[in-house]
Amino acid sequence: TIDYGIKNVESATDGVQKTGVSLERIGRMPMPIDILVEYTDGTKESFYIPLRMMSFEKENPTPEIKRTILKDWAWGNPEYEFSISKKLNAIKKITIDDSLLMADVNRENNVFKK
């Protein structure tokens, strides 16, 4: 099955203005991950996590939104962490697979809302 979730979102503790995001792969099927971040000022940013086993990165499906390509997610690692270069209080919502194209079996853990 395909099941990814947002495990934790927290302010960075190193004094830099950023937010740490922890994701988890709950199902056994590895997939590349698209993440949409909506900010309190109305802007949006996307993050793309390719799979290490893939030999390419898919094109940006929403070229009007800034997209950051993150380091590959190795299939053997059930967890993945990345940071957003804005404070936690600037984030309104984080969504895994906002397009709903991935066959995730539990979408309830795909969204972080403040």
# chains A, B, ... in the order shown; residues from 1 in each chain; ligands from 1
>>> select_by_dssp(residues="stretch 22-89 of chain A", states="strand (DSSP E or B)", output="list in words")
Ser22, Leu23, Glu24, Arg25, Ile33, Asp34, Ile35, Leu36, Val37, Glu38, Tyr39, Lys44, Glu45, Ser46, Phe47, Tyr48, Ile49, Leu51, Lys66, Arg67, Thr68, Ile69, Trp73, Glu79, Tyr80, Glu81, Phe82, Ser83 and Ile84 of chain A
>>> write_last_selection(atoms="C-alpha atoms", output="compact mmCIF listing (two decimals), in the first residue's frame")
# COMPACT_ATOMS: atom_id res chain seq x y z
CA SER A 22 9.33 15.13 9.56
CA LEU A 23 7.58 12.75 7.18
CA GLU A 24 6.98 9.03 7.47
CA ARG A 25 6.38 6.24 5.00
CA ILE A 33 6.50 13.01 -2.90
CA ASP A 34 5.04 16.41 -3.76
CA ILE A 35 4.47 18.75 -0.81
CA LEU A 36 2.59 22.05 -0.96
CA VAL A 37 3.23 24.68 1.71
CA GLU A 38 0.76 27.53 2.07
CA TYR A 39 1.92 30.57 4.00
CA LYS A 44 2.63 29.02 -1.81
CA GLU A 45 5.76 26.95 -2.27
CA SER A 46 6.19 23.35 -3.35
CA PHE A 47 8.81 20.80 -2.40
CA TYR A 48 9.57 17.64 -4.36
CA ILE A 49 11.27 14.56 -2.91
CA LEU A 51 13.10 8.49 -4.90
CA LYS A 66 8.24 28.03 -6.71
CA ARG A 67 9.47 24.46 -6.41
CA THR A 68 12.43 23.19 -4.40
CA ILE A 69 13.85 19.77 -5.22
CA TRP A 73 14.37 9.63 -0.15
CA GLU A 79 11.34 8.61 7.83
CA TYR A 80 12.51 11.75 6.06
CA GLU A 81 13.26 15.24 7.36
CA PHE A 82 13.62 18.59 5.63
CA SER A 83 13.41 22.24 6.58
CA ILE A 84 11.44 25.21 5.31
>>> residues_around(residues="A:Gly76", least_positions_apart="4", cutoff="10 Å", atoms="only C-alpha atoms", output="JSON, numbers by chain")
{"A": [25, 28, 30, 52]}
>>> closest_residue(among="A:Val21, A:Met29, A:Ile65, A:Val111", to="A:Lys93", atoms="only C-alpha atoms")
A:Val111
>>> residues_around(residues="A:Pro50", least_positions_apart="4", cutoff="9 Å", atoms="only C-alpha atoms", output="list of chain:residue names")
A:Met31, A:Pro32, A:Ile33, A:Asp34, A:Met54, A:Phe56, A:Glu57, A:Lys58, A:Ile69, A:Leu70, A:Lys71, A:Asp72, A:Trp73, A:Ala74
>>> write_last_selection(atoms="C-alpha atoms", output="mmCIF file, in the first residue's frame")
data_model
loop_
_atom_site.group_PDB
_atom_site.id
_atom_site.type_symbol
_atom_site.label_atom_id
_atom_site.label_comp_id
_atom_site.auth_asym_id
_atom_site.auth_seq_id
_atom_site.Cartn_x
_atom_site.Cartn_y
_atom_site.Cartn_z
ATOM 1 C CA MET A 31 6.726 7.003 -4.188
ATOM 2 C CA PRO A 32 8.171 10.402 -5.098
ATOM 3 C CA ILE A 33 6.503 13.013 -2.899
ATOM 4 C CA ASP A 34 5.038 16.413 -3.755
ATOM 5 C CA MET A 54 14.522 6.679 -9.812
ATOM 6 C CA PHE A 56 15.019 11.201 -13.106
ATOM 7 C CA GLU A 57 12.955 13.973 -11.526
ATOM 8 C CA LYS A 58 9.470 14.625 -12.808
ATOM 9 C CA ILE A 69 13.845 19.769 -5.223
ATOM 10 C CA LEU A 70 15.050 18.091 -2.029
ATOM 11 C CA LYS A 71 17.517 15.240 -1.568
ATOM 12 C CA ASP A 72 16.348 11.776 -2.585
ATOM 13 C CA TRP A 73 14.368 9.632 -0.150
ATOM 14 C CA ALA A 74 15.996 6.200 0.071
#
>>> select_by_dssp(residues="stretch 57-114 of chain A", states="helix (DSSP H, G or I)", output="list of chain:residue names")
A:Leu88, A:Asn89, A:Ala90, A:Arg107, A:Glu108, A:Asn109, A:Asn110
>>> closest_residue(among="A:Thr43, A:Val9, A:Tyr4, A:Gly20", to="A:Ser85", atoms="only C-alpha atoms")
A:Gly20
